[in-house]
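data_26.pdb (PDB, C-alpha atoms and all ligand atoms) appears below.
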MODEL        1
ATOM      1  CA  MET V   1    -112.962 -30.030 107.345  1.00  0.00           C
ATOM      2  CA  SER V   2    -109.377 -30.285 106.130  1.00  0.00           C
ATOM      3  CA  GLY V   3    -106.515 -28.143 107.330  1.00  0.00           C
ATOM      4  CA  ARG V   4    -104.312 -25.920 105.196  1.00  0.00           C
ATOM      5  CA  LEU V   5    -100.672 -26.275 104.313  1.00  0.00           C
ATOM      6  CA  ILE V   6     -98.525 -23.206 104.957  1.00  0.00           C
ATOM      7  CA  TYR V   7     -95.374 -23.304 102.845  1.00  0.00           C
ATOM      8  CA  LEU V   8     -92.654 -20.985 104.142  1.00  0.00           C
ATOM      9  CA  ILE V   9     -89.891 -20.246 101.641  1.00  0.00           C
ATOM     10  CA  GLY V  10     -87.000 -17.824 101.303  1.00  0.00           C
ATOM     11  CA  PRO V  11     -83.283 -17.713 100.657  1.00  0.00           C
ATOM     12  CA  SER V  12     -80.883 -19.596 102.830  1.00  0.00           C
ATOM     13  CA  GLY V  13     -80.145 -17.335 105.801  1.00  0.00           C
ATOM     14  CA  SER V  14     -83.371 -15.323 105.560  1.00  0.00           C
ATOM     15  CA  GLY V  15     -84.425 -16.753 108.913  1.00  0.00           C
ATOM     16  CA  LYS V  16     -87.041 -19.443 108.211  1.00  0.00           C
ATOM     17  CA  ASP V  17     -85.884 -21.753 110.992  1.00  0.00           C
ATOM     18  CA  SER V  18     -85.413 -18.884 113.437  1.00  0.00           C
ATOM     19  CA  LEU V  19     -88.897 -17.620 112.681  1.00  0.00           C
ATOM     20  CA  LEU V  20     -90.471 -21.033 113.153  1.00  0.00           C
ATOM     21  CA  ASP V  21     -88.581 -21.534 116.402  1.00  0.00           C
ATOM     22  CA  ALA V  22     -89.555 -18.139 117.759  1.00  0.00           C
ATOM     23  CA  ALA V  23     -93.207 -18.693 116.833  1.00  0.00           C
ATOM     24  CA  ARG V  24     -93.338 -22.349 117.892  1.00  0.00           C
ATOM     25  CA  GLU V  25     -95.274 -21.981 121.147  1.00  0.00           C
ATOM     26  CA  ARG V  26     -97.692 -19.423 119.783  1.00  0.00           C
ATOM     27  CA  LEU V  27     -98.370 -21.627 116.762  1.00  0.00           C
ATOM     28  CA  ALA V  28     -98.909 -24.653 118.997  1.00  0.00           C
ATOM     29  CA  GLU V  29    -101.476 -22.663 120.980  1.00  0.00           C
ATOM     30  CA  ARG V  30    -103.300 -22.156 117.676  1.00  0.00           C
ATOM     31  CA  ASP V  31    -103.188 -25.880 116.946  1.00  0.00           C
ATOM     32  CA  CYS V  32    -100.773 -25.339 114.064  1.00  0.00           C
ATOM     33  CA  VAL V  33     -98.153 -28.052 113.566  1.00  0.00           C
ATOM     34  CA  ILE V  34     -94.579 -27.281 112.470  1.00  0.00           C
ATOM     35  CA  VAL V  35     -93.178 -30.185 110.496  1.00  0.00           C
ATOM     36  CA  ARG V  36     -89.861 -31.805 111.379  1.00  0.00           C
ATOM     37  CA  ARG V  37     -88.025 -32.370 108.089  1.00  0.00           C
ATOM     38  CA  VAL V  38     -85.966 -35.359 107.061  1.00  0.00           C
ATOM     39  CA  ILE V  39     -82.616 -34.123 105.694  1.00  0.00           C
ATOM     40  CA  THR V  40     -79.421 -35.789 104.511  1.00  0.00           C
ATOM     41  CA  ARG V  41     -77.459 -33.475 106.771  1.00  0.00           C
ATOM     42  CA  SER V  42     -75.358 -34.868 109.576  1.00  0.00           C
ATOM     43  CA  ALA V  43     -77.152 -34.868 112.911  1.00  0.00           C
ATOM     44  CA  GLU V  44     -74.362 -32.805 114.463  1.00  0.00           C
ATOM     45  CA  ALA V  45     -74.817 -29.936 112.033  1.00  0.00           C
ATOM     46  CA  VAL V  46     -75.967 -26.684 113.595  1.00  0.00           C
ATOM     47  CA  GLY V  47     -79.486 -25.746 112.652  1.00  0.00           C
ATOM     48  CA  GLU V  48     -83.037 -26.897 112.808  1.00  0.00           C
ATOM     49  CA  ASP V  49     -84.311 -29.911 114.651  1.00  0.00           C
ATOM     50  CA  ALA V  50     -84.431 -32.161 111.616  1.00  0.00           C
ATOM     51  CA  ILE V  51     -84.229 -35.936 111.292  1.00  0.00           C
ATOM     52  CA  GLY V  52     -80.792 -36.660 109.826  1.00  0.00           C
ATOM     53  CA  VAL V  53     -80.539 -39.636 107.460  1.00  0.00           C
ATOM     54  CA  SER V  54     -77.988 -40.965 104.986  1.00  0.00           C
ATOM     55  CA  PRO V  55     -78.653 -40.463 101.258  1.00  0.00           C
ATOM     56  CA  ALA V  56     -79.391 -44.197 100.937  1.00  0.00           C
ATOM     57  CA  GLU V  57     -81.918 -44.077 103.785  1.00  0.00           C
ATOM     58  CA  PHE V  58     -83.515 -41.020 102.230  1.00  0.00           C
ATOM     59  CA  ASP V  59     -83.890 -42.718  98.854  1.00  0.00           C
ATOM     60  CA  GLN V  60     -85.375 -45.757 100.528  1.00  0.00           C
ATOM     61  CA  GLN V  61     -87.965 -43.732 102.453  1.00  0.00           C
ATOM     62  CA  GLU V  62     -88.797 -41.727  99.359  1.00  0.00           C
ATOM     63  CA  ALA V  63     -89.263 -44.844  97.209  1.00  0.00           C
ATOM     64  CA  ALA V  64     -91.501 -46.348  99.893  1.00  0.00           C
ATOM     65  CA  GLY V  65     -93.806 -43.310  99.685  1.00  0.00           C
ATOM     66  CA  GLY V  66     -92.704 -41.960 103.037  1.00  0.00           C
ATOM     67  CA  PHE V  67     -92.732 -38.339 101.925  1.00  0.00           C
ATOM     68  CA  ALA V  68     -95.625 -36.060 101.033  1.00  0.00           C
ATOM     69  CA  LEU V  69     -93.065 -33.675  99.493  1.00  0.00           C
ATOM     70  CA  SER V  70     -89.378 -34.100  98.769  1.00  0.00           C
ATOM     71  CA  TRP V  71     -86.721 -32.119  96.918  1.00  0.00           C
ATOM     72  CA  ARG V  72     -82.992 -31.699  96.388  1.00  0.00           C
ATOM     73  CA  ALA V  73     -81.065 -28.460  96.872  1.00  0.00           C
ATOM     74  CA  ASN V  74     -77.691 -27.262  98.132  1.00  0.00           C
ATOM     75  CA  GLY V  75     -76.301 -30.767  97.723  1.00  0.00           C
ATOM     76  CA  LEU V  76     -78.859 -32.173 100.172  1.00  0.00           C
ATOM     77  CA  ALA V  77     -82.173 -34.028 100.018  1.00  0.00           C
ATOM     78  CA  TYR V  78     -85.196 -32.850 102.035  1.00  0.00           C
ATOM     79  CA  GLY V  79     -88.390 -34.759 102.854  1.00  0.00           C
ATOM     80  CA  ILE V  80     -91.683 -33.799 104.458  1.00  0.00           C
ATOM     81  CA  PRO V  81     -93.133 -36.902 106.130  1.00  0.00           C
ATOM     82  CA  ARG V  82     -96.310 -38.371 104.691  1.00  0.00           C
ATOM     83  CA  GLN V  83     -97.905 -38.007 108.114  1.00  0.00           C
ATOM     84  CA  ILE V  84     -98.857 -34.404 107.281  1.00  0.00           C
ATOM     85  CA  ASP V  85    -101.713 -35.767 105.182  1.00  0.00           C
ATOM     86  CA  ASP V  86    -103.259 -37.306 108.301  1.00  0.00           C
ATOM     87  CA  TRP V  87    -102.935 -34.016 110.161  1.00  0.00           C
ATOM     88  CA  LEU V  88    -104.439 -32.036 107.288  1.00  0.00           C
ATOM     89  CA  ALA V  89    -107.277 -34.549 106.947  1.00  0.00           C
ATOM     90  CA  ALA V  90    -107.961 -34.139 110.658  1.00  0.00           C
ATOM     91  CA  GLY V  91    -108.377 -30.399 110.104  1.00  0.00           C
ATOM     92  CA  GLN V  92    -105.023 -29.278 111.448  1.00  0.00           C
ATOM     93  CA  ASP V  93    -103.074 -26.531 109.724  1.00  0.00           C
ATOM     94  CA  VAL V  94     -99.502 -27.589 108.971  1.00  0.00           C
ATOM     95  CA  LEU V  95     -96.477 -25.351 108.459  1.00  0.00           C
ATOM     96  CA  VAL V  96     -93.448 -26.525 106.469  1.00  0.00           C
ATOM     97  CA  ASN V  97     -90.057 -25.024 105.707  1.00  0.00           C
ATOM     98  CA  GLY V  98     -90.168 -25.441 101.933  1.00  0.00           C
ATOM     99  CA  SER V  99     -88.096 -24.801  98.837  1.00  0.00           C
ATOM    100  CA  ARG V 100     -88.684 -22.015  96.311  1.00  0.00           C
ATOM    101  CA  ALA V 101     -87.615 -24.338  93.517  1.00  0.00           C
ATOM    102  CA  TYR V 102     -90.270 -26.868  94.531  1.00  0.00           C
ATOM    103  CA  LEU V 103     -93.180 -24.434  94.972  1.00  0.00           C
ATOM    104  CA  ALA V 104     -94.949 -25.363  91.720  1.00  0.00           C
ATOM    105  CA  GLN V 105     -94.855 -29.087  92.503  1.00  0.00           C
ATOM    106  CA  ALA V 106     -96.018 -28.452  96.056  1.00  0.00           C
ATOM    107  CA  ARG V 107     -98.950 -26.441  94.698  1.00  0.00           C
ATOM    108  CA  GLN V 108     -99.863 -29.280  92.374  1.00  0.00           C
ATOM    109  CA  ARG V 109    -100.272 -31.601  95.307  1.00  0.00           C
ATOM    110  CA  TYR V 110    -101.735 -28.978  97.677  1.00  0.00           C
ATOM    111  CA  PRO V 111    -103.561 -26.411  95.492  1.00  0.00           C
ATOM    112  CA  GLU V 112    -104.809 -24.485  98.518  1.00  0.00           C
ATOM    113  CA  LEU V 113    -101.401 -24.027 100.094  1.00  0.00           C
ATOM    114  CA  LEU V 114    -100.507 -20.645 101.507  1.00  0.00           C
ATOM    115  CA  ALA V 115     -97.031 -19.620 100.310  1.00  0.00           C
ATOM    116  CA  ILE V 116     -95.058 -17.130 102.397  1.00  0.00           C
ATOM    117  CA  LEU V 117     -91.767 -15.758 101.059  1.00  0.00           C
ATOM    118  CA  LEU V 118     -89.361 -14.545 103.734  1.00  0.00           C
ATOM    119  CA  GLN V 119     -87.263 -11.729 102.336  1.00  0.00           C
ATOM    120  CA  VAL V 120     -83.939 -10.168 103.393  1.00  0.00           C
ATOM    121  CA  ASP V 121     -81.412  -8.241 101.295  1.00  0.00           C
ATOM    122  CA  GLU V 122     -78.196  -9.915 100.144  1.00  0.00           C
ATOM    123  CA  ALA V 123     -75.814  -8.064 102.457  1.00  0.00           C
ATOM    124  CA  ALA V 124     -77.828  -9.169 105.486  1.00  0.00           C
ATOM    125  CA  LEU V 125     -78.081 -12.697 104.125  1.00  0.00           C
ATOM    126  CA  ARG V 126     -74.306 -12.975 103.774  1.00  0.00           C
ATOM    127  CA  GLN V 127     -73.729 -11.554 107.224  1.00  0.00           C
ATOM    128  CA  ARG V 128     -76.281 -13.918 108.796  1.00  0.00           C
ATOM    129  CA  LEU V 129     -74.912 -16.973 107.011  1.00  0.00           C
ATOM    130  CA  LEU V 130     -71.368 -16.123 108.086  1.00  0.00           C
ATOM    131  CA  ALA V 131     -72.480 -15.531 111.677  1.00  0.00           C
ATOM    132  CA  ARG V 132     -74.397 -18.817 111.707  1.00  0.00           C
ATOM    133  CA  GLY V 133     -71.240 -20.667 110.770  1.00  0.00           C
ATOM    134  CA  ARG V 134     -72.900 -23.838 109.496  1.00  0.00           C
ATOM    135  CA  GLU V 135     -71.554 -23.670 105.933  1.00  0.00           C
ATOM    136  CA  SER V 136     -68.075 -22.963 104.572  1.00  0.00           C
ATOM    137  CA  ALA V 137     -67.363 -19.621 102.849  1.00  0.00           C
ATOM    138  CA  GLU V 138     -67.599 -21.401  99.512  1.00  0.00           C
ATOM    139  CA  GLN V 139     -70.943 -22.976 100.366  1.00  0.00           C
ATOM    140  CA  ILE V 140     -72.241 -19.601 101.520  1.00  0.00           C
ATOM    141  CA  GLU V 141     -71.282 -17.990  98.213  1.00  0.00           C
ATOM    142  CA  ALA V 142     -73.021 -20.825  96.372  1.00  0.00           C
ATOM    143  CA  ARG V 143     -76.189 -20.222  98.401  1.00  0.00           C
ATOM    144  CA  LEU V 144     -76.048 -16.469  97.658  1.00  0.00           C
ATOM    145  CA  ALA V 145     -75.532 -17.206  93.965  1.00  0.00           C
ATOM    146  CA  ARG V 146     -78.516 -19.571  94.052  1.00  0.00           C
ATOM    147  CA  ASN V 147     -80.584 -16.761  95.510  1.00  0.00           C
ATOM    148  CA  ARG V 148     -79.450 -14.229  92.880  1.00  0.00           C
ATOM    149  CA  SER V 149     -80.399 -16.524  90.052  1.00  0.00           C
ATOM    150  CA  PHE V 150     -83.634 -17.458  91.671  1.00  0.00           C
ATOM    151  CA  VAL V 151     -86.950 -17.235  89.908  1.00  0.00           C
ATOM    152  CA  VAL V 152     -90.367 -17.417  91.531  1.00  0.00           C
ATOM    153  CA  GLY V 153     -93.332 -17.555  89.161  1.00  0.00           C
ATOM    154  CA  GLY V 154     -91.390 -16.110  86.253  1.00  0.00           C
ATOM    155  CA  ALA V 155     -89.877 -13.157  88.115  1.00  0.00           C
ATOM    156  CA  SER V 156     -86.840 -12.861  90.321  1.00  0.00           C
ATOM    157  CA  ALA V 157     -87.559 -13.047  94.029  1.00  0.00           C
ATOM    158  CA  ALA V 158     -86.663  -9.362  94.295  1.00  0.00           C
ATOM    159  CA  THR V 159     -89.224  -8.455  91.618  1.00  0.00           C
ATOM    160  CA  VAL V 160     -91.883 -10.526  93.301  1.00  0.00           C
ATOM    161  CA  ALA V 161     -91.117  -8.760  96.570  1.00  0.00           C
ATOM    162  CA  ALA V 162     -91.489  -5.369  94.934  1.00  0.00           C
ATOM    163  CA  GLU V 163     -94.754  -6.281  93.234  1.00  0.00           C
ATOM    164  CA  ALA V 164     -96.494  -8.190  95.959  1.00  0.00           C
ATOM    165  CA  PRO V 165     -98.707  -6.165  98.268  1.00  0.00           C
ATOM    166  CA  PRO V 166     -96.826  -5.611 101.530  1.00  0.00           C
ATOM    167  CA  THR V 167     -99.918  -5.776 103.701  1.00  0.00           C
ATOM    168  CA  PRO V 168    -100.814  -8.874 105.651  1.00  0.00           C
ATOM    169  CA  GLY V 169    -103.961 -10.631 104.498  1.00  0.00           C
ATOM    170  CA  SER V 170    -103.053 -10.455 100.859  1.00  0.00           C
ATOM    171  CA  THR V 171    -104.965 -12.731  98.530  1.00  0.00           C
ATOM    172  CA  GLU V 172    -101.947 -12.962  96.211  1.00  0.00           C
ATOM    173  CA  ARG V 173    -100.541 -16.401  95.591  1.00  0.00           C
ATOM    174  CA  LEU V 174     -97.308 -15.482  97.321  1.00  0.00           C
ATOM    175  CA  ILE V 175     -97.208 -13.379 100.453  1.00  0.00           C
ATOM    176  CA  VAL V 176     -93.949 -11.563 101.134  1.00  0.00           C
ATOM    177  CA  LEU V 177     -92.801 -11.226 104.709  1.00  0.00           C
ATOM    178  CA  ASN V 178     -89.763  -9.066 105.404  1.00  0.00           C
ATOM    179  CA  ASN V 179     -87.304 -10.265 108.036  1.00  0.00           C
ATOM    180  CA  SER V 180     -84.874  -7.333 107.923  1.00  0.00           C
ATOM    181  CA  GLY V 181     -86.060  -6.037 111.274  1.00  0.00           C
ATOM    182  CA  SER V 182     -86.192  -7.874 114.575  1.00  0.00           C
ATOM    183  CA  LEU V 183     -87.301 -11.478 114.643  1.00  0.00           C
ATOM    184  CA  GLU V 184     -90.079 -10.621 117.085  1.00  0.00           C
ATOM    185  CA  GLN V 185     -91.494  -8.085 114.621  1.00  0.00           C
ATOM    186  CA  THR V 186     -91.527 -10.754 111.932  1.00  0.00           C
ATOM    187  CA  VAL V 187     -93.212 -13.273 114.245  1.00  0.00           C
ATOM    188  CA  THR V 188     -95.965 -10.737 114.989  1.00  0.00           C
ATOM    189  CA  GLN V 189     -96.431 -10.004 111.287  1.00  0.00           C
ATOM    190  CA  MET V 190     -96.559 -13.680 110.407  1.00  0.00           C
ATOM    191  CA  LEU V 191     -99.178 -14.406 113.078  1.00  0.00           C
ATOM    192  CA  HIS V 192    -101.286 -11.523 111.757  1.00  0.00           C
ATOM    193  CA  LEU V 193    -101.069 -12.639 108.184  1.00  0.00           C
ATOM    194  CA  LEU V 194    -101.957 -16.204 109.150  1.00  0.00           C
ATOM    195  CA  SER V 195    -105.027 -14.955 111.018  1.00  0.00           C
ATOM    196  CA  ASP V 196    -105.995 -12.743 108.086  1.00  0.00           C
ATOM    197  CA  ASN V 197    -105.837 -15.817 105.871  1.00  0.00           C
ATOM    198  CA  ARG V 198    -107.879 -17.812 108.375  1.00  0.00           C
ATOM    199  CA  THR V 199    -105.091 -20.290 109.016  1.00  0.00           C
ATOM    200  CA  CYS V 200    -103.596 -21.146 112.381  1.00  0.00           C
ATOM    201  CA  ALA V 201    -106.249 -18.786 113.720  1.00  0.00           C
TER     202      ALA V 201
HETATM  203  N1  LIG E   1     -84.550 -10.967 112.264  1.00  0.00           N
HETATM  204  C1  LIG E   1     -83.305 -11.382 112.442  1.00  0.00           C
HETATM  205  N2  LIG E   1     -82.358 -10.517 112.852  1.00  0.00           N
HETATM  206  C2  LIG E   1     -81.081 -10.911 113.025  1.00  0.00           C
HETATM  207  N3  LIG E   1     -80.618 -12.156 112.805  1.00  0.00           N
HETATM  208  C3  LIG E   1     -81.513 -13.063 112.383  1.00  0.00           C
HETATM  209  C4  LIG E   1     -82.889 -12.734 112.185  1.00  0.00           C
HETATM  210  N4  LIG E   1     -83.529 -13.836 111.756  1.00  0.00           N
HETATM  211  C5  LIG E   1     -82.603 -14.826 111.699  1.00  0.00           C
HETATM  212  N5  LIG E   1     -81.395 -14.366 112.072  1.00  0.00           N
HETATM  213  C6  LIG E   1     -80.125 -15.123 112.109  1.00  0.00           C
HETATM  214  O1  LIG E   1     -79.775 -15.416 110.754  1.00  0.00           O
HETATM  215  C7  LIG E   1     -79.162 -16.712 110.654  1.00  0.00           C
HETATM  216  C8  LIG E   1     -79.919 -17.528 109.602  1.00  0.00           C
HETATM  217  O2  LIG E   1     -81.202 -17.842 110.084  1.00  0.00           O
HETATM  218  P1  LIG E   1     -81.862 -19.270 109.845  1.00  0.00           P
HETATM  219  O3  LIG E   1     -80.884 -20.360 110.072  1.00  0.00           O
HETATM  220  O4  LIG E   1     -83.117 -19.261 110.633  1.00  0.00           O
HETATM  221  O5  LIG E   1     -82.171 -19.124 108.279  1.00  0.00           O
HETATM  222  P2  LIG E   1     -82.899 -20.120 107.286  1.00  0.00           P
HETATM  223  O6  LIG E   1     -83.736 -19.300 106.369  1.00  0.00           O
HETATM  224  O7  LIG E   1     -83.591 -21.185 108.043  1.00  0.00           O
HETATM  225  O8  LIG E   1     -81.685 -20.685 106.477  1.00  0.00           O
HETATM  226  P3  LIG E   1     -81.536 -22.104 105.743  1.00  0.00           P
HETATM  227  O9  LIG E   1     -82.552 -22.151 104.662  1.00  0.00           O
HETATM  228  O10 LIG E   1     -80.135 -22.084 105.237  1.00  0.00           O
HETATM  229  O11 LIG E   1     -81.742 -23.152 106.797  1.00  0.00           O
HETATM  230  C9  LIG E   1     -79.214 -17.338 112.042  1.00  0.00           C
HETATM  231  O12 LIG E   1     -77.949 -17.269 112.634  1.00  0.00           O
HETATM  232  C10 LIG E   1     -80.229 -16.475 112.803  1.00  0.00           C
HETATM  233  O13 LIG E   1     -79.935 -16.387 114.171  1.00  0.00           O
HETATM  234  O1  LIG E   2     -83.274 -22.393  97.619  1.00  0.00           O
HETATM  235  P1  LIG E   2     -84.597 -23.044  97.825  1.00  0.00           P
HETATM  236  O2  LIG E   2     -85.054 -23.934  96.710  1.00  0.00           O
HETATM  237  O3  LIG E   2     -85.687 -22.065  98.236  1.00  0.00           O
HETATM  238  O4  LIG E   2     -84.464 -23.943  99.142  1.00  0.00           O
HETATM  239  C1  LIG E   2     -83.609 -25.023  99.182  1.00  0.00           C
HETATM  240  C2  LIG E   2     -83.550 -25.653 100.539  1.00  0.00           C
HETATM  241  O5  LIG E   2     -82.461 -25.045 101.240  1.00  0.00           O
HETATM  242  C3  LIG E   2     -82.865 -24.631 102.496  1.00  0.00           C
HETATM  243  O6  LIG E   2     -82.496 -25.588 103.430  1.00  0.00           O
HETATM  244  P2  LIG E   2     -81.156 -25.545 104.309  1.00  0.00           P
HETATM  245  O7  LIG E   2     -80.472 -24.238 104.083  1.00  0.00           O
HETATM  246  O8  LIG E   2     -80.314 -26.693 103.908  1.00  0.00           O
HETATM  247  O9  LIG E   2     -81.663 -25.701 105.694  1.00  0.00           O
HETATM  248  C4  LIG E   2     -84.348 -24.481 102.417  1.00  0.00           C
HETATM  249  O10 LIG E   2     -84.960 -24.688 103.653  1.00  0.00           O
HETATM  250  C5  LIG E   2     -84.797 -25.465 101.381  1.00  0.00           C
HETATM  251  O11 LIG E   2     -85.168 -26.701 101.899  1.00  0.00           O
ENDMDL
END

Rewrite the structure of this file - the entire thing - as structure tokens.
Amino acid sequence: MSGRLIYLIGPSGSGKDSLLDAARERLAERDCVIVRRVITRSAEAVGEDAIGVSPAEFDQQEAAGGFALSWRANGLAYGIPRQIDDWLAAGQDVLVNGSRAYLAQARQRYPELLAILLQVDEAALRQRLLARGRESAEQIEARLARNRSFVVGGASAATVAAEAPPTPGSTERLIVLNNSGSLEQTVTQMLHLLSDNRTCA
């Protein structure tokens, strides 16, 4: 039996990395793998435990078929190693920190993927990005502008959030998870919704 891909998306600063970090051990207990991304971000940059590569190295790995999924955003390139296909084939569920802009392509390759949209209002996003201190003020404004103009499935992210059923276990194609409260609350909600969708259960 093959595993399922869980594709976590949301605006920059919504807390995707924090959520994955906080849930890491509990997900491992459920035999759910969190993917380490390949990113053209310097290794010293604050943030997730990614594999930092130069743009040339990234292009080389991409051309050699090293990535199951890859995309460009925020002036960076992101790759999900091809190895996830082995894990999925072995029946393991796999969780990736994805891109909203790349959702349709990801679905083409993994039609059964479970998409989770992490949602936080703009004021909180700005405050969290500033507090994180990884990007300059200008880069932060660019990320907020990207979020404002964002479209998921023909509607703005905010519209999708309003329309999608708030309850865990939704059969909608995009499940919205709010991270305006404490991180621990969000971890608990995510674990419930994964169980309800019979993934990482
Ligand atoms: N529930 C929360 N309450 C308060 N602060 C939070 C919460 N979740 C995350 N944060 C903080 O918000 C900041 C942004 O979180 P994080 O880096 O995880 O976001 P992200 O979605 O992974 O962003 P990016 O896509 O840019 O990598 C971090 O400094 C983190 O500590
Ligand atoms: O805006 P969208 O397309 O959803 O996402 C673009 C990319 O930006 C963020 O990465 P980071 O902030 O550089 O870690 C996301 O994780 C994603 O990979």

request  = Name the residues that the PyMOL selection byres (((not hetatm)) within 7 of (chain E and resi 2)) picks from the file above, as a list in words, using the file's chain letters and numbers.
outcome  =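 On this input, the PyMOL selection byres (((not hetatm)) within 7 of (chain E and resi 2)) captures Ile9, Gly10, Pro11, Ser12, Ala73, Asn74, Leu76, Tyr78, Asn97, Gly98, Ser99, Arg100, Ala101, Tyr102, Arg146 and Asn147 of chain V.
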
Evaluate the PyMOL selection byres (((not hetatm)) within 10 of (chain E and resi 1)) and report residues as a CSV table (one decimal) with C-alpha atoms, in the frame of the given file:
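Final output, selection-v6.csv:
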chain,number,residue,atom,x,y,z
V,8,LEU,CA,-92.7,-21.0,104.1
V,9,ILE,CA,-89.9,-20.2,101.6
V,10,GLY,CA,-87.0,-17.8,101.3
V,11,PRO,CA,-83.3,-17.7,100.7
V,12,SER,CA,-80.9,-19.6,102.8
V,13,GLY,CA,-80.1,-17.3,105.8
V,14,SER,CA,-83.4,-15.3,105.6
V,15,GLY,CA,-84.4,-16.8,108.9
V,16,LYS,CA,-87.0,-19.4,108.2
V,17,ASP,CA,-85.9,-21.8,111.0
V,18,SER,CA,-85.4,-18.9,113.4
V,19,LEU,CA,-88.9,-17.6,112.7
V,20,LEU,CA,-90.5,-21.0,113.2
V,21,ASP,CA,-88.6,-21.5,116.4
V,22,ALA,CA,-89.6,-18.1,117.8
V,46,VAL,CA,-76.0,-26.7,113.6
V,47,GLY,CA,-79.5,-25.7,112.7
V,48,GLU,CA,-83.0,-26.9,112.8
V,74,ASN,CA,-77.7,-27.3,98.1
V,97,ASN,CA,-90.1,-25.0,105.7
V,98,GLY,CA,-90.2,-25.4,101.9
V,99,SER,CA,-88.1,-24.8,98.8
V,118,LEU,CA,-89.4,-14.5,103.7
V,119,GLN,CA,-87.3,-11.7,102.3
V,120,VAL,CA,-83.9,-10.2,103.4
V,124,ALA,CA,-77.8,-9.2,105.5
V,125,LEU,CA,-78.1,-12.7,104.1
V,126,ARG,CA,-74.3,-13.0,103.8
V,127,GLN,CA,-73.7,-11.6,107.2
V,128,ARG,CA,-76.3,-13.9,108.8
V,129,LEU,CA,-74.9,-17.0,107.0
V,130,LEU,CA,-71.4,-16.1,108.1
V,131,ALA,CA,-72.5,-15.5,111.7
V,132,ARG,CA,-74.4,-18.8,111.7
V,133,GLY,CA,-71.2,-20.7,110.8
V,134,ARG,CA,-72.9,-23.8,109.5
V,135,GLU,CA,-71.6,-23.7,105.9
V,140,ILE,CA,-72.2,-19.6,101.5
V,143,ARG,CA,-76.2,-20.2,98.4
V,178,ASN,CA,-89.8,-9.1,105.4
V,179,ASN,CA,-87.3,-10.3,108.0
V,180,SER,CA,-84.9,-7.3,107.9
V,181,GLY,CA,-86.1,-6.0,111.3
V,182,SER,CA,-86.2,-7.9,114.6
V,183,LEU,CA,-87.3,-11.5,114.6
V,184,GLU,CA,-90.1,-10.6,117.1
V,185,GLN,CA,-91.5,-8.1,114.6
V,186,THR,CA,-91.5,-10.8,111.9
V,187,VAL,CA,-93.2,-13.3,114.2

One-decimal distance in Å that lies between CA of Glu25 in chain V and CA of Thr40 in chain V = 26.8 Å

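Atom to atom, CA of Asp49 in chain V and CA of Cys32 in chain V stand 17.1 Å apart.
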
inquiry  = So, with all atoms listed in the file as the atoms that count, which of V:Glu57, V:Gln139, V:Ile6, V:Leu69 lies closest to Arg198 in chain V?
reply    =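 For Arg198 in chain V, the nearest of the candidates is V:Ile6.
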
ask   = Which distance in Å separates CA of Tyr110 in chain V and CA of Ala89 in chain V, to one decimal?
value =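 One can read the CA of Tyr110 in chain V to CA of Ala89 in chain V distance as 12.2 Å.
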
Of the listed residues V:Pro111, V:Gly66, V:Gly52, V:Gly3, that which approaches Cys200 in chain V most closely, counting all atoms listed in the file =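 Among V:Pro111, V:Gly66, V:Gly52, V:Gly3, it is V:Gly3 that comes nearest to Cys200 in chain V.
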
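The nearest approach to Arg173 in chain V among the residues V:Ala142, V:Arg148, V:Arg26, V:Ile116, with all atoms listed in the file taken into account, belongs to V:Ile116.
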
query = Can you list, as a PyMOL selection string, the residues that the PyMOL selection byres (((chain V and resi 58) around 10) and not hetatm) selects here?
reply = chain V and resi 38-40+52-57+59-64+66-67+70+77-79
